[in-house]
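Shown next: work.txt, containing compact mmCIF, C-alpha atoms.
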```
# COMPACT_ATOMS: atom_id res chain seq x y z
CA MET A 1 -37.70 7.29 22.76
CA PRO A 2 -36.59 10.79 23.93
CA LYS A 3 -34.79 10.95 27.22
CA SER A 4 -37.51 13.17 28.67
CA GLU A 5 -39.89 10.22 28.50
CA GLY A 6 -37.63 8.00 30.56
CA PRO A 7 -39.24 8.60 33.99
CA HIS A 8 -42.72 8.08 32.54
CA ARG A 9 -41.56 4.89 30.91
CA LEU A 10 -40.10 3.58 34.12
CA GLY A 11 -43.22 4.61 36.00
CA ALA A 12 -45.46 2.77 33.56
CA TRP A 13 -43.28 -0.31 33.84
CA SER A 14 -43.52 -0.03 37.65
CA CYS A 15 -47.30 -0.33 37.37
CA ALA A 16 -46.82 -3.53 35.41
CA LEU A 17 -44.28 -4.65 38.01
CA GLY A 18 -46.86 -4.00 40.70
CA PHE A 19 -49.34 -6.21 38.90
CA LEU A 20 -46.76 -8.99 38.72
CA LEU A 21 -45.94 -8.53 42.37
CA MET A 22 -49.60 -8.95 43.19
CA HIS A 23 -49.57 -12.29 41.37
CA GLY A 24 -46.57 -14.04 42.88
CA ALA A 25 -46.63 -16.87 40.34
CA CYS A 26 -45.69 -14.37 37.63
CA TRP A 27 -42.45 -13.49 39.39
CA LEU A 28 -39.33 -15.37 38.46
CA ARG A 29 -38.18 -17.02 41.67
CA PRO A 30 -34.84 -18.58 40.63
CA GLU A 31 -35.32 -22.33 40.83
CA PRO A 32 -33.11 -25.42 40.56
CA PRO A 33 -32.44 -26.97 37.14
CA ALA A 34 -35.51 -28.58 35.58
CA THR A 35 -35.11 -32.12 36.84
CA ASP A 36 -37.55 -34.23 38.78
CA ALA A 37 -35.46 -33.71 41.91
CA GLY A 38 -35.23 -30.00 41.26
CA SER A 39 -38.97 -29.70 40.81
CA ALA A 40 -39.59 -31.42 44.12
CA VAL A 41 -37.16 -29.10 45.85
CA ALA A 42 -38.69 -26.05 44.25
CA ALA A 43 -42.15 -27.07 45.38
CA ARG A 44 -40.95 -27.52 48.94
CA SER A 45 -39.26 -24.11 48.99
CA GLU A 46 -42.61 -22.34 48.73
CA PRO A 47 -44.18 -22.01 52.21
CA PRO A 48 -47.66 -23.38 52.73
CA PRO A 49 -50.51 -20.85 52.69
CA SER A 50 -51.05 -21.15 56.44
CA SER A 51 -47.50 -20.02 57.22
CA ALA A 52 -46.49 -18.07 54.13
CA PRO A 53 -45.11 -14.61 54.83
CA GLY A 54 -47.70 -13.29 52.42
CA GLY A 55 -45.55 -12.26 49.49
CA VAL A 56 -45.92 -8.82 48.01
CA ARG A 57 -49.24 -7.45 46.87
CA GLU A 58 -50.56 -4.37 45.18
CA PRO A 59 -51.60 -1.63 47.63
CA PRO A 60 -55.27 -0.79 47.97
CA ALA A 61 -56.75 2.22 46.24
CA GLY A 62 -55.56 5.41 47.86
CA GLY A 63 -52.17 4.14 49.01
CA LEU A 64 -50.82 1.70 51.53
CA ALA A 65 -52.93 0.15 54.23
CA PRO A 66 -52.44 1.35 57.84
CA SER A 67 -49.18 0.10 59.33
CA ALA A 68 -50.70 -1.81 62.26
CA VAL A 69 -49.47 -5.41 62.51
CA ALA A 70 -52.40 -7.71 63.00
CA SER A 71 -51.08 -11.25 63.28
CA ARG A 72 -49.78 -12.52 66.62
CA ASP A 73 -46.63 -14.15 65.25
CA ALA A 74 -45.68 -10.89 63.54
CA ARG A 75 -45.75 -9.19 66.94
CA LEU A 76 -43.07 -11.54 68.28
CA ALA A 77 -40.00 -9.32 68.12
CA VAL A 78 -39.25 -7.38 64.98
CA PRO A 79 -35.63 -6.20 65.44
CA SER A 80 -34.47 -2.91 64.02
CA SER A 81 -31.05 -1.51 63.19
CA ALA A 82 -31.84 2.11 63.98
CA ASP A 83 -29.07 2.40 66.57
CA GLY A 84 -27.53 -1.00 66.99
CA ILE A 85 -30.03 -3.77 67.63
CA THR A 86 -33.36 -3.21 69.30
CA VAL A 87 -36.69 -4.95 69.29
CA SER A 88 -39.84 -3.04 68.52
CA GLY A 89 -43.34 -3.79 69.67
CA ILE A 90 -42.45 -5.79 72.81
CA SER A 91 -39.72 -5.71 75.38
CA ALA A 92 -36.42 -7.47 74.76
CA GLU A 93 -33.66 -8.94 76.84
CA SER A 94 -29.94 -8.76 76.07
CA THR A 95 -27.89 -11.82 75.22
CA PRO A 96 -24.34 -12.22 76.60
CA ASP A 97 -22.65 -11.23 73.32
CA GLY A 98 -24.60 -8.03 72.72
CA GLY A 99 -27.53 -9.28 70.69
CA THR A 100 -31.20 -9.29 71.57
CA ARG A 101 -34.08 -11.71 71.57
CA ALA A 102 -37.76 -11.41 72.22
CA ALA A 103 -38.63 -11.35 75.91
CA GLU A 104 -41.87 -13.20 75.20
CA SER A 105 -40.98 -16.86 75.86
CA PRO A 106 -37.36 -16.68 74.57
CA GLY A 107 -36.85 -20.40 75.24
CA LEU A 108 -39.91 -21.19 73.14
CA LEU A 109 -38.63 -19.05 70.28
CA ALA A 110 -35.21 -20.74 70.40
CA CYS A 111 -36.89 -24.11 69.87
CA ALA A 112 -39.60 -22.89 67.48
CA GLU A 113 -39.86 -24.32 63.98
CA VAL A 114 -39.87 -20.83 62.40
CA TRP A 115 -39.41 -17.23 63.54
CA ARG A 116 -41.69 -15.83 60.89
CA ALA A 117 -40.87 -12.16 61.45
CA ALA A 118 -37.28 -12.82 60.39
CA ARG A 119 -38.15 -14.34 57.00
CA VAL A 120 -37.10 -12.33 53.95
CA ASP A 121 -38.62 -13.41 50.62
CA VAL A 122 -36.73 -12.49 47.44
CA ALA A 123 -38.28 -12.31 43.97
CA PHE A 124 -37.00 -11.13 40.60
CA LYS A 125 -38.60 -9.92 37.39
CA GLU A 126 -37.04 -8.72 34.15
CA THR A 127 -38.43 -7.79 30.75
CA PRO A 128 -37.84 -8.94 28.14
CA GLU A 129 -37.44 -12.35 29.76
CA THR A 130 -35.07 -13.78 27.17
CA ARG A 131 -31.92 -13.56 29.32
CA SER A 132 -33.60 -15.13 32.33
CA ILE A 133 -35.20 -17.97 30.36
CA GLN A 134 -32.03 -18.83 28.47
CA ARG A 135 -29.75 -18.99 31.48
CA THR A 136 -27.99 -22.24 32.29
CA GLY A 137 -26.90 -23.57 35.64
CA PRO A 138 -28.20 -22.83 39.12
CA ARG A 139 -27.04 -19.20 39.40
CA LEU A 140 -28.53 -15.95 38.13
CA GLU A 141 -26.55 -12.70 38.40
CA ARG A 142 -27.22 -9.05 37.60
CA ARG A 143 -25.27 -5.83 38.10
CA PHE A 144 -27.25 -2.61 37.86
CA THR A 145 -27.72 0.92 39.12
CA VAL A 146 -30.87 1.35 41.19
CA ALA A 147 -33.04 3.75 39.19
CA ARG A 148 -35.86 3.79 41.72
CA GLN A 149 -36.57 2.07 45.01
CA LEU A 150 -40.00 1.32 46.40
CA ARG A 151 -40.11 1.01 50.19
CA GLY A 152 -43.14 -0.34 52.00
CA ALA A 153 -44.87 -1.21 48.72
CA TYR A 154 -47.52 -3.81 47.81
CA ARG A 155 -48.60 -4.41 51.38
CA HIS A 156 -50.37 -7.65 52.25
CA GLY A 157 -51.16 -8.30 55.91
CA ASP A 158 -47.99 -7.77 57.95
CA GLN A 159 -45.69 -8.00 54.92
CA TRP A 160 -44.57 -5.43 52.39
CA ALA A 161 -41.78 -5.04 49.86
CA SER A 162 -38.64 -3.05 49.21
CA VAL A 163 -38.14 -3.18 45.43
CA LEU A 164 -34.91 -2.22 43.64
CA GLU A 165 -35.79 -1.21 40.07
CA TYR A 166 -33.38 -0.75 37.17
CA GLU A 167 -33.45 0.10 33.47
CA ALA A 168 -30.75 -0.34 30.82
CA ASP A 169 -31.49 0.16 27.12
CA GLU A 170 -34.57 -1.99 26.44
CA THR A 171 -34.22 -4.05 29.62
CA ARG A 172 -36.20 -3.25 32.75
CA GLY A 173 -36.12 -5.25 35.93
CA GLY A 174 -36.58 -5.36 39.65
CA VAL A 175 -35.50 -7.32 42.70
CA SER A 176 -38.08 -7.45 45.48
CA TYR A 177 -37.34 -8.09 49.17
CA GLY A 178 -40.40 -8.95 51.21
CA LEU A 179 -39.98 -7.91 54.86
CA THR A 180 -42.20 -7.71 57.92
CA VAL A 181 -43.81 -4.34 58.63
CA PRO A 182 -42.36 -1.85 59.60
CA GLU A 183 -38.99 -2.96 58.20
CA VAL A 184 -37.62 -1.76 54.86
CA LEU A 185 -34.25 -1.64 53.15
CA ALA A 186 -32.29 1.61 53.40
CA ASP A 187 -32.48 3.80 50.29
CA LEU A 188 -30.06 2.56 47.62
CA THR A 189 -31.30 4.79 44.79
CA GLY A 190 -28.47 5.79 42.46
CA ARG A 191 -26.08 3.15 43.79
CA THR A 192 -24.61 0.38 41.67
CA VAL A 193 -25.18 -3.07 43.14
CA GLY A 194 -24.59 -6.68 42.20
CA TRP A 195 -27.30 -9.27 42.83
CA ALA A 196 -26.80 -13.04 42.66
CA SER A 197 -29.29 -15.84 43.25
CA HIS A 198 -28.52 -19.56 43.53
CA ARG A 199 -30.91 -22.54 43.60
CA GLU A 200 -30.03 -26.22 43.24
CA PRO A 201 -30.83 -29.58 44.85
CA ALA A 202 -28.30 -30.51 47.52
CA SER A 203 -26.54 -33.86 47.60
CA CYS A 204 -28.39 -35.00 50.73
CA VAL A 205 -31.99 -36.05 51.33
CA SER A 206 -34.30 -33.72 53.24
CA SER A 207 -35.59 -34.71 56.65
CA ASP A 208 -39.06 -33.70 55.41
CA GLY A 209 -39.35 -36.27 52.64
CA GLU A 210 -37.61 -38.37 50.00
CA HIS A 211 -36.41 -35.45 47.89
CA PRO A 212 -33.07 -33.57 48.11
CA GLU A 213 -32.84 -30.60 50.43
CA LEU A 214 -32.71 -27.22 48.69
CA LEU A 215 -29.36 -25.41 48.57
CA SER A 216 -30.06 -21.73 47.97
CA GLY A 217 -29.04 -18.17 48.72
CA ASP A 218 -29.22 -14.61 47.41
CA THR A 219 -26.60 -11.90 47.83
CA LEU A 220 -26.71 -8.15 47.31
CA ARG A 221 -23.29 -6.48 47.07
CA ASP A 222 -22.09 -2.90 46.66
CA ALA A 223 -20.14 -1.59 43.67
CA ASP A 224 -16.86 -2.76 45.22
CA GLY A 225 -18.15 -6.28 45.89
CA GLY A 226 -18.73 -5.78 49.61
CA LEU A 227 -21.60 -7.78 51.04
CA LEU A 228 -24.73 -5.75 51.76
CA LEU A 229 -27.27 -8.51 52.30
CA LEU A 230 -27.32 -12.29 52.35
CA THR A 231 -30.67 -14.08 52.39
CA VAL A 232 -30.68 -17.86 52.76
CA PRO A 233 -34.14 -19.42 52.26
CA SER A 234 -32.73 -22.93 52.60
CA ALA A 235 -29.31 -24.14 53.72
CA PRO A 236 -28.88 -27.89 54.30
CA ILE A 237 -27.74 -28.84 57.82
CA THR A 238 -25.57 -31.96 57.54
CA PRO A 239 -25.14 -34.65 60.22
CA GLU A 240 -21.43 -33.72 60.32
CA GLY A 241 -22.15 -30.28 61.73
CA GLU A 242 -21.90 -28.22 58.55
CA VAL A 243 -24.38 -25.68 57.22
CA LEU A 244 -23.97 -25.82 53.44
CA LEU A 245 -23.87 -22.62 51.38
CA PRO A 246 -23.67 -22.38 47.56
CA THR A 247 -20.05 -22.63 46.43
CA GLY A 248 -18.51 -19.19 45.88
CA LEU A 249 -21.68 -17.24 46.71
CA VAL A 250 -20.48 -15.91 50.05
CA PRO A 251 -16.83 -16.99 50.53
CA GLU A 252 -16.35 -14.64 53.48
CA LEU A 253 -18.75 -16.60 55.70
CA ARG A 254 -18.59 -20.03 57.36
CA VAL A 255 -21.57 -21.50 59.23
CA ARG A 256 -21.83 -24.57 61.46
CA TRP A 257 -24.53 -25.79 63.84
CA GLU A 258 -24.95 -27.30 67.29
CA LEU A 259 -27.95 -28.64 69.18
CA ALA A 260 -29.98 -26.01 71.00
CA GLY A 261 -30.96 -28.29 73.90
CA CYS A 262 -34.60 -28.39 72.83
CA GLU A 263 -36.88 -31.20 73.91
CA ARG A 264 -37.31 -33.70 71.11
CA ARG A 265 -40.91 -34.03 70.08
CA LYS A 266 -42.40 -37.50 69.88
CA ASP A 267 -41.95 -39.09 66.45
CA ALA A 268 -40.17 -35.97 65.16
CA ARG A 269 -37.33 -36.41 62.69
CA THR A 270 -35.71 -33.08 63.57
CA ARG A 271 -34.29 -31.33 66.63
CA GLY A 272 -33.88 -27.63 67.33
CA ALA A 273 -30.42 -26.25 66.55
CA ARG A 274 -28.52 -22.98 66.79
CA LEU A 275 -26.07 -21.66 64.21
CA ARG A 276 -22.44 -20.57 64.60
CA PHE A 277 -21.26 -17.87 62.19
CA GLU A 278 -17.64 -16.87 61.66
CA ASP A 279 -15.39 -14.95 59.28
CA ALA A 280 -14.02 -17.59 56.91
CA ARG A 281 -11.11 -15.34 55.90
CA LYS A 282 -9.85 -14.52 59.37
CA ARG A 283 -7.72 -17.11 61.11
CA GLY A 284 -8.86 -17.75 64.66
CA ALA A 285 -12.07 -15.73 64.28
CA SER A 286 -14.45 -16.14 67.21
CA PRO A 287 -17.78 -17.61 66.12
CA VAL A 288 -21.08 -15.90 66.94
CA THR A 289 -23.79 -18.34 68.02
CA VAL A 290 -27.35 -17.38 67.10
CA SER A 291 -30.58 -19.18 68.05
CA VAL A 292 -33.96 -18.89 66.36
CA GLY A 293 -35.54 -15.65 67.60
CA GLU A 294 -32.24 -13.81 68.10
CA THR A 295 -30.49 -10.97 66.28
CA LYS A 296 -26.74 -10.69 66.87
CA ARG A 297 -23.79 -8.70 65.62
CA LEU A 298 -21.12 -10.27 63.41
CA LEU A 299 -17.84 -8.86 62.06
CA LEU A 300 -16.83 -9.89 58.54
CA GLY A 301 -13.66 -8.30 57.21
CA GLY A 302 -13.97 -5.55 59.81
CA VAL A 303 -17.51 -4.63 58.69
CA ARG A 304 -20.42 -4.93 61.12
CA TYR A 305 -23.44 -7.07 60.25
CA GLU A 306 -26.62 -8.29 61.90
CA VAL A 307 -27.53 -11.97 61.78
CA ARG A 308 -31.10 -13.22 62.21
CA VAL A 309 -32.03 -16.90 62.29
CA ALA A 310 -35.57 -17.75 61.19
CA ARG A 311 -35.24 -21.55 61.25
CA ALA A 312 -32.66 -24.14 62.37
CA GLN A 313 -33.71 -27.78 62.46
CA ALA A 314 -31.19 -30.64 62.45
CA ASP A 315 -32.12 -34.16 61.39
CA ALA A 316 -32.12 -36.78 64.12
CA SER A 317 -30.50 -39.41 61.91
CA ASP A 318 -28.51 -39.31 58.66
CA ARG A 319 -30.50 -36.83 56.58
CA CYS A 320 -30.15 -33.09 56.14
CA GLY A 321 -32.02 -30.59 58.25
CA GLN A 322 -32.61 -26.99 57.20
CA ALA A 323 -31.44 -23.51 58.22
CA VAL A 324 -33.04 -20.23 57.16
CA PHE A 325 -31.24 -16.99 58.03
CA THR A 326 -30.37 -13.47 56.90
CA VAL A 327 -27.22 -11.36 57.24
CA PHE A 328 -27.71 -7.57 56.91
CA ARG A 329 -24.93 -5.01 56.75
CA GLU A 330 -25.53 -2.79 59.77
CA GLY A 331 -27.73 0.16 58.79
CA LEU A 332 -29.26 -1.51 55.73
CA ARG A 333 -32.40 -2.53 57.65
CA GLU A 334 -34.56 0.41 58.70
CA GLU A 335 -38.08 1.04 60.00
CA LEU A 336 -40.49 3.15 58.00
```
Before we go any further, please render this structure as structure tokens.
Amino acid sequence: MPKSEGPHRLGAWSCALGFLLMHGACWLRPEPPATDAGSAVAARSEPPPSSAPGGVREPPAGGLAPSAVASRDARLAVPSSADGITVSGISAESTPDGGTRAAESPGLLACAEVWRAARVDVAFKETPETRSIQRTGPRLERRFTVARQLRGAYRHGDQWASVLEYEADETRGGVSYGLTVPEVLADLTGRTVGWASHREPASCVSSDGEHPELLSGDTLRDADGGLLLLTVPSAPITPEGEVLLPTGLVPELRVRWELAGCERRKDARTRGARLRFEDARKRGASPVTVSVGETKRLLLGGVRYEVRVARAQADASDRCGQAVFTVFREGLREEL
């Protein structure tokens, strides 16, 4: 095909990508190996319809829907990195170490099951699918130059997507990040990035059932290997105080947990926790403690990041709880 047809080809593929985005089941969401335990973990990793962030959907005819946020939980603090850390939509109060949290019932947020506005859903699609289908092991990796980036695409309710698209020879693909309106990823068009996704059953049983907890994470790195974005949809919280991350996925980060002082609900297996993040490569690094509903600054290798905790529940006995959090390089998260 002549080079002059390249943009049209990519554009046509984007339409197909949009259709796949609209039907979330068609997207390859990297899953654990195909075992009975892995299948149970994979099923649990998908949020129930009543609390699902909405995924990414095709925009209505005529463009994107108006940018008003309708749902109440989406109005609970949507931090932005425009100039440091602020909270849009409602007022915010400062935390002692320079972060922010929503001023609307901050104690309630700290003990909430989920801070939905902080969830980031990652999906991947590549054609032809041969490489993805034939992969072995729990990790999927790609290195590519972003040919086009969609920002604020495929809106559904208070969620929309930032999609990094690439094309090499006969291969076309895209990595989609579903964020809460009005947040998008900064423009990475023309930049070379490395993306890695890991999914496997952990060695401990989940507090939510008789299946293993899910051990998962996705990283986006720059051309030099520097971390741009870490999304963790499920990190097991062990009774020994560790927050488990996939081996080798993010060696620069160490995470532990402590109880958040939340009242234990009757007959509940879990208790509210807060997470402690620190630079794993710096001796004597001071940890940054982050509760659900907070956004705080973190230094890793001298680079500034923002940490947001969407969920932190520790098991009350000998099982694994679950943490859900995201680490953005400062300036990567913008408002559109």
Neighbours of Ser206 (chain A) within 12 Å (all atoms listed in the file; same-chain residues fewer than 5 positions away dropped), as a VMD selection string? chain A and resid 37 40 to 41 44 to 45 201 211 to 215 234 to 239 269 to 270 313 to 323
Would you list the contacts of Val232 (chain A) as a PDB file with C-alpha atoms, in the coordinates of the input, taking every protein, DNA or RNA residue within 9 Å and counting all atoms listed in the file, but skipping same-chain residues closer than 3 positions in sequence?
```
ATOM      1  CA  VAL A 120     -37.100 -12.330  53.950  1.00  0.00           C
ATOM      2  CA  LEU A 215     -29.360 -25.410  48.570  1.00  0.00           C
ATOM      3  CA  SER A 216     -30.060 -21.730  47.970  1.00  0.00           C
ATOM      4  CA  GLY A 217     -29.040 -18.170  48.720  1.00  0.00           C
ATOM      5  CA  ASP A 218     -29.220 -14.610  47.410  1.00  0.00           C
ATOM      6  CA  THR A 219     -26.600 -11.900  47.830  1.00  0.00           C
ATOM      7  CA  ALA A 235     -29.310 -24.140  53.720  1.00  0.00           C
ATOM      8  CA  LEU A 245     -23.870 -22.620  51.380  1.00  0.00           C
ATOM      9  CA  ALA A 323     -31.440 -23.510  58.220  1.00  0.00           C
ATOM     10  CA  VAL A 324     -33.040 -20.230  57.160  1.00  0.00           C
ATOM     11  CA  PHE A 325     -31.240 -16.990  58.030  1.00  0.00           C
ATOM     12  CA  THR A 326     -30.370 -13.470  56.900  1.00  0.00           C
ATOM     13  CA  VAL A 327     -27.220 -11.360  57.240  1.00  0.00           C
TER      14      VAL A 327
END
```
Residue nearest Arg155 (chain A) among A:Leu229, A:Ile133, A:Val255, A:Leu179 (counting only C-alpha atoms): A:Leu179
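Note that the spacing between CA of Arg221 (chain A) and CA of Lys282 (chain A) amounts to 19.9 Å.
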Using all atoms listed in the file: which of A:Pro138, A:Gly284, A:Pro182, A:Pro246 has the shortest distance to Gln159 (chain A):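 For Gln159 (chain A), the nearest of the candidates is A:Pro182.
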Compile the contact shell of Arg142 (chain A) as a PDB file with C-alpha atoms, keeping the file's coordinate frame: residues with an atom at most 7 Å away, counting only C-alpha atoms, same-chain residues fewer than 4 positions apart removed.
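As a result, around_25.pdb now contains:
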```pdb
ATOM      1  CA  GLY A 194     -24.590  -6.680  42.200  1.00  0.00           C
ATOM      2  CA  TRP A 195     -27.300  -9.270  42.830  1.00  0.00           C
ATOM      3  CA  ALA A 196     -26.800 -13.040  42.660  1.00  0.00           C
TER       4      ALA A 196
END
```
I'd like the interatomic distance between CA of Gly174 (chain A) and CA of Val122 (chain A), to a tenth of an Å. 10.6 Å
Cut-off 12 Å around (-10.8, -5.2, 55.8) with only C-alpha atoms: residues as a ChimeraX atom specification: /A:226,252,279,281-282,299-304
Can you pull out the residues contacting Gly178 (chain A)? Cut-off 7 Å, using all atoms listed in the file, and skip same-chain residues under 2 positions away; I want them as JSON, numbers by chain. {"A": [55, 56, 120, 121, 122, 159, 160, 161, 162, 176]}
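Using all atoms listed in the file for every distance, the candidate list A:Arg283, A:Arg191, A:Arg265, A:Lys125 yields A:Lys125 as the residue closest to Val163 (chain A).
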Please compute the CA of Val175 (chain A)-CA of Phe124 (chain A) distance, one decimal, in Å. 4.6 Å
Using all atoms listed in the file, list the residues that have an atom at most 9 Å from (-32.7, 0.9, 36.3), coordinates as in the file, as a VMD selection string. chain A and resid 10 144 to 148 164 to 168 171 to 174 190
For Glu242 (chain A), which residue out of A:Asp224, A:Gln134, A:Ala268, A:Leu275 is the nearest one, using all atoms listed in the file? A:Leu275
Name the closest residue to Glu278 (chain A) among the candidates A:Val184, A:Val307, A:Cys262, A:Val292; distances are taken between atoms, counting only C-alpha atoms.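 Once distances to Glu278 (chain A) are computed over only C-alpha atoms, the minimum belongs to A:Val307.
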Expected axis-aligned box over every listed atom of region 202-206 of chain A, 3 Å added per side, centre plus edges in Å to one decimal, as lines of an AutoDock Vina configuration file:
```
center_x = -30.4
center_y = -33.3
center_z = 50.4
size_x = 13.8
size_y = 11.5
size_z = 11.7
```
Restricting the calculation to only C-alpha atoms, which member of A:Gly225, A:Val288, A:Arg264, A:Leu230 is positioned closest to Leu332 (chain A)? A:Leu230
